[in-house]
Every structure is written in C-alpha cells, then in structure tokens.
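So the structure is just underneath, and the comments pick up after that.
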Amino acid sequence: MGEVIVITSGKGGVGKTTTTANLGTGFALIGKKVVLVDADIGLRNLDVVMGLENRIVYDLVDVTEGNCRLKQALIRDKRYETLYLLPAAQTRDKNAVNPEQMKQLCRELSEDFDYVLIDCPAGIEQGFKNAIAGADRAVIVTTPEVSAVRDADRIIGLLEAEGKHNPKLIVNRIRPSMVKRGDMMDIDDIIDILAVDLLGIIPEDEYIVISTNRGEPAVVNPASAASTAYKNIVRRLNGENVPLIKFDANNGIVSKLKRFFGFGEG
Amino acid sequence: MLDLIQKMLGREANGSKQIAKDRLRLVLVHDRVNVSPQFMEFLKEDMIKVISNYMEINEREMEVNLTQTNSSVALVASIPVNRMKRGAVPAE
Ligand SMILES: Nc1ncnc2c1ncn2[C@@H]1O[C@H](COP(=O)(O)OP(=O)(O)O)[C@@H](O)[C@H]1O
Ligand SMILES: [Mg+2]
C-alpha cells in the first residue's frame with residue numbers, strides 16, 4: 001500500500017502545482033513509483049508543468065464516470081520509468097467529482113504506487129474537499145506573505161476538522177536577501193505563528209520559470225537552487241532524516257555570529 | 001543597545017517583516033475564533049467552572065468578548081458577582 005499525499009494551500013498561485021511536479025519527479029529520481037493526480041478540475045495545469053499536455057487521451061472525470069479504465073487514463077512520463085500523471089478534466093467543473101469517488105480512486109492508485117500526490121485546487125470549496133478526501137497526509141504550501149500564511153492557517157483548521165492531523169509545511173519563494181534585511185518574514189516567524197512542522201524551504205528561483213517554460217521540472221536541473229530543496233523534501237517524505245538547508249544570503253562571519261547567538265534558522 | 005546588536009546581526013527591528021508579523025497575528029486571532037462558533041461558548045463554560053470555585057456569579061449576564069485596538073486584541077469579560085465564597089481553595 002502506497003501513501004496518498006495532498007499538496008494544498010488555500011491561496012492560489014503559491015506553488016502547489018510546481019511543488020507537486022517537482023516532488024513527483026523527485027520521487028521518480030529515487031526509483032519510487034509515483035502518480036501525480038491533477039485535482040484542479042476545469043483548470044488543469046499539471047500536465048503543462050510536466051510537459052505532458054500532448055499525451056492526454058482520458059482524464060480523471062473519465063475514470064470516475066466509467067468512460068475508461070483507470071490504467072487507460074494514466075500517462076507514463078517517458079523520461080522517468082516510474083512517473084505517471086492522471087490529468088484533470090478541462091471542460092468540466094469541480095462538481096463532476098465527489099469526495100467518495102476520490103477516496104475510491106486514491107485507494108486504487110495506492111495499491112499500485114508507492115506515492116500518490118494530489119495537486120489541490122485553490123479555495124476551500126468542493127474542489128478542496130475532493131482533493132483531500134483520499135489523502136493519508138497533507139502538505140501545505142505557503143509563501144512568506146500575510147495573505148498566504150493566513151490562508152494556510154485556515155486550511156490547517158479545515159484539515160483538522162476533516163480528521164487530517166499534523167500537516168507539514170513548505171515555505172516557498174523565500175528570498176534570503178529580503179529576509180536578511182528584515183523585509184520578509186522568515187521561517188521561524190511563520191512556523192511560530194502556524195504551529196506546524198516544517199517540511200522544507202524552497203527559495204525563489206528563476207529556474208522554476210525556465211523549467212515551467214520547458215515542461216521539465218527544475219528538480220532535475222543541478223543548476224537550480226530549488227532542486228536540492230525539492231530533493232531533500234522528497235527524502236524527508238520518504239522517511240529519511242535530512243537536516244534543513246539554510247538559504248542565508250550571508251555565509252560569512254555574520255551568519256556564524258548569528259548562529260552563535262541562536263538566531264539561525266535551524 | 002539591543003537594537004544596535006540586532007542591526008549588527010542583520011536583524012533590523014523595523015523592517016516591514018515586523019509589520020507583517022503583527023498584522024498576521026491580529027488577523028489570525030479573529031480567524032481562529034470564527035472558525036469554530038463554539039469557541040467562545042467553550043471558553044465561557046470553562047471560565048464559569050473556574051470562577052465558581054471562588055464566587056457565585058450571574059451566568060446569564062456574563063459577557064465575554066474579544067475587542068481590538070490598533071495593535072492588540074484583548075479578551076474583555078464582564079461577570080456580575082452575586083456572592084463570594086468563604087475559604088475557597090483552588091480546584092485540582
Ligand atoms: N520557488 C519559486 N521560484 C520562482 N517562481 C515560482 C516558485 N514557485 C512557484 N513559482 C511560480 O509561481 C507561479 C504559481 O505557481 P503554481 O505552482 O502554479 O501555483 P499554484 O498551483 O499554487 O496556483 C508559477 O508561475 C510558478 O512558476
Ligand atoms: Mg495549481
């Protein structure tokens with residue numbers, strides 16, 4: 001039995017789809033059999049971020065409505081043996097699926113895969129409820145901004161109410177230079193306010209844009225600063241104990257001093 | 001002095017980050033109360049339990065609310081007391 005993990009956030013545009021694509025590819029890189037499920041019905045994105053948009057025949061709604069078998073709708077990524085995508089329907093809306101169907105789908109997928117990653121739509125309505133229905137655990141993505149952290153807090157409450165406890169947090173788009181000059185909330189601030197466990201930190205990275213243009217997740221690009229961060233998160237999800245890397249803009253004496261005084265980011 | 005040390009260590013006390021944190025904290029106080037409609041009721045019931053060890057209060061006219069000033073949120077309670085208990089001991 002594999003594990004079903006939903007990638008969620010509340011607020012749109014904080015990096016759920018990017019995270020799903022990179023973690024999924026990262027799992028494939030360490031040889032895990034993984035399927036990415038695009039639960040953003042009506043606004044499908046994950047196929048494009050993965051560069052698989054030309055290979056879609058059937059979609060998630062075709063599966064739940066019985067127009068095809070589950071296996072027929074899965075697209076295998078030719079670059080990585082063990083990586084699959086189940087695309088969202090583009091011409092339907094969120095109400096085309098219900099939580100019970102999603103649970104069933106996740107159960108079936110987890111029989112065949114080590115990891116099932118669900119890319120959740122923005123919002124707290126039906127689409128969110130569908131996306132979390134079959135999940136064993138939740139990963140929350142936020143950015144270091146008031147509105148995104150606020151929405152993350154709301155999502156943590158809603159997950160709790162649905163019996164999904166201990167979600168893990170990814171803070172995306174951290175800019176070390178802004179944190180350093182006191183113009184961006186740092187990780188400790190956010191963790192302190194949300195009172196959840198930190199899963200990882202992804203820096204703001206131009207390669208994310210470049211790789212999205214190419215349809216090739218940044219995690220495979222060694223030049224990308226985000227790549228190492230994604231790989232570490234994959235290993236943590238896989239049960240390894242990997243220390244947090246710091247994206248401090250300062251590597252000199254100041255950072256040593258800071259650490260000495262206990263101001264480091266752990 | 002602390003300010004100076006913080007500046008030396010790259011922690012500006014008055015960057016926009018501090019404003020962000022303060023605003024976030026305030027907004028979450030209200031969000032979290034509103035998530036659960038029973039939140040204030042539970043709090044009230046617990047307060048009644050504790051206070052009743054020491055005095056007899058008028059539960060009907062008791063009021064417990066959150067009020068907000070510019071920079072902080074306060075819990076304001078108005079609890080009419082009917083009678084004090086004699087020789088009260090803290091409950092376990
Ligand atoms: N770490 C990052 N660095 C730079 N750009 C990013 C990063 N994470 C996400 N983005 C960009 O932000 C935008 C929104 O990301 P996306 O994953 O689509 O968010 P969501 O799925 O939460 O709506 C995309 O254009 C993406 O390329
Ligand atoms: Mg998305």
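So you can find residues: chains in the structure tokens are A, B, ... in the order shown, residues in each start at 1, and ligands are numbered from 1 in order.
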Exercise answer, chain A residues close to chain B, 7 Å and only C-alpha atoms, as a PyMOL selection string: chain A and resi 146+150+180-185+254+258
Could you write those residues out with N, CA and C atoms, as a short mmCIF file (atom, residue, chain, number, x, y, z; two decimals), in the first residue's frame?
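Written output follows (result03.cif):
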```
data_model
loop_
_atom_site.label_atom_id
_atom_site.label_comp_id
_atom_site.auth_asym_id
_atom_site.auth_seq_id
_atom_site.Cartn_x
_atom_site.Cartn_y
_atom_site.Cartn_z
N VAL A 146 1.59 37.74 4.25
CA VAL A 146 0.50 37.72 5.22
C VAL A 146 -0.70 36.94 4.69
N ARG A 150 -2.05 33.42 6.22
CA ARG A 150 -3.40 33.44 6.78
C ARG A 150 -4.24 32.31 6.19
N LYS A 180 17.05 38.82 5.15
CA LYS A 180 18.19 39.37 5.86
C LYS A 180 17.98 40.84 6.21
N ARG A 181 17.39 41.57 5.27
CA ARG A 181 17.21 42.99 5.60
C ARG A 181 15.90 43.27 6.34
N GLY A 182 15.24 42.21 6.76
CA GLY A 182 14.06 42.40 7.60
C GLY A 182 12.81 42.75 6.84
N ASP A 183 12.81 42.48 5.54
CA ASP A 183 11.64 42.81 4.73
C ASP A 183 10.84 41.60 4.29
N MET A 184 11.17 40.45 4.86
CA MET A 184 10.37 39.27 4.56
C MET A 184 10.30 38.42 5.82
N MET A 185 9.12 37.88 6.11
CA MET A 185 9.00 37.03 7.28
C MET A 185 9.92 35.82 7.09
N VAL A 254 29.04 37.06 9.81
CA VAL A 254 27.74 37.46 10.37
C VAL A 254 26.88 36.24 10.63
N LYS A 258 25.44 34.97 14.09
CA LYS A 258 24.01 34.75 14.29
C LYS A 258 23.75 33.37 14.88
#
```
Surrounding residues as a ChimeraX atom specification, ligand 2, max 12 Å, only C-alpha atoms and all ligand atoms: /A:7-21,37-49,88,118-123,127-128,141
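Atom pair CA of Ser224 in chain A / CA of Val242 in chain A has a distance of 19.0 Å (rounded to one decimal).
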Residues within 10 Å of range 46-55 of chain B, only C-alpha atoms, excluding chain neighbours under 2 positions, as number ranges by chain: B: 40-44, 57-59, 62, 64, 77, 79, 81-91
Atom pair CA of Ile30 in chain A / CA of Asp112 in chain A: separation (Å):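 These two atoms are separated by 17.0 Å.
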Expected answer as a list in words: strand (DSSP E or B) residues in range 131-179 of chain A: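 Filtering range 131-179 of chain A down to strand (DSSP E or B) leaves Arg137, Ala138, Val139, Ile140, Val141, Thr142, Lys168, Leu169, Ile170, Val171, Asn172, Arg173 and Ile174 of chain A.
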Within 9 Å of Leu83 in chain A using only C-alpha atoms, minus same-chain residues under 6 positions, as a ChimeraX atom specification: /A:24-25,27-29,32-36,75-77
One-decimal distance in Å that lies between CA of Met50 in chain A and CA of Tyr207 in chain A: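 CA of Met50 in chain A lies 14.3 Å from CA of Tyr207 in chain A.
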Alpha helix (DSSP H) residues, from DSSP on the backbone, in range 11-50 of chain B, as a ChimeraX atom specification: /B:16-35,39-50
Residue nearest ligand 1 - candidates A:Gln101, A:Asn213, A:Asn238, A:Ser177, atoms counted: only C-alpha atoms and all ligand atoms: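 Distance minimum relative to ligand 1 lands on A:Asn213.
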Selected residue of minimal separation from Asp136 in chain A among A:Ala148, A:Leu117, A:Ala195, A:Val209, counting only C-alpha atoms: A:Leu117
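Using only C-alpha atoms, the protein and nucleic acid residues lying no more than 7 Å from Leu60 in chain A, apart from those fewer than 2 places from it along its own chain, are A:Asp62, A:Val63, A:Thr64, A:Leu86, A:Pro87, A:Ala88, A:Ala89.
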Could the residues in this selection be written to a file with N, CA, C and O atoms, as a JSON list (two decimals), in the first residue's frame?
```
[["chain", "number", "residue", "atom", "x", "y", "z"],
["A", 62, "ASP", "N", -13.22, 11.06, -16.69],
["A", 62, "ASP", "CA", -13.49, 9.87, -17.49],
["A", 62, "ASP", "C", -13.39, 8.61, -16.63],
["A", 62, "ASP", "O", -14.17, 7.67, -16.80],
["A", 63, "VAL", "N", -12.44, 8.62, -15.71],
["A", 63, "VAL", "CA", -12.26, 7.46, -14.83],
["A", 63, "VAL", "C", -13.43, 7.35, -13.86],
["A", 63, "VAL", "O", -14.06, 6.29, -13.75],
["A", 64, "THR", "N", -13.75, 8.45, -13.18],
["A", 64, "THR", "CA", -14.81, 8.36, -12.16],
["A", 64, "THR", "C", -16.18, 8.11, -12.80],
["A", 64, "THR", "O", -17.05, 7.52, -12.17],
["A", 86, "LEU", "N", -2.14, 11.52, -13.80],
["A", 86, "LEU", "CA", -3.57, 11.41, -14.08],
["A", 86, "LEU", "C", -4.10, 12.83, -14.25],
["A", 86, "LEU", "O", -4.23, 13.57, -13.27],
["A", 87, "PRO", "N", -4.38, 13.26, -15.49],
["A", 87, "PRO", "CA", -4.73, 14.65, -15.72],
["A", 87, "PRO", "C", -6.14, 14.99, -15.26],
["A", 87, "PRO", "O", -7.00, 14.11, -15.16],
["A", 88, "ALA", "N", -6.39, 16.27, -15.01],
["A", 88, "ALA", "CA", -7.73, 16.74, -14.66],
["A", 88, "ALA", "C", -8.52, 16.91, -15.95],
["A", 88, "ALA", "O", -7.96, 17.03, -17.03],
["A", 89, "ALA", "N", -9.86, 16.91, -15.81],
["A", 89, "ALA", "CA", -10.70, 17.25, -16.95],
["A", 89, "ALA", "C", -10.65, 18.76, -17.13],
["A", 89, "ALA", "O", -10.64, 19.49, -16.16]]
```
Residue nearest ligand 1 among A:Cys68, A:Leu198, A:Ile170, A:Leu237 (counting only C-alpha atoms and all ligand atoms): A:Ile170
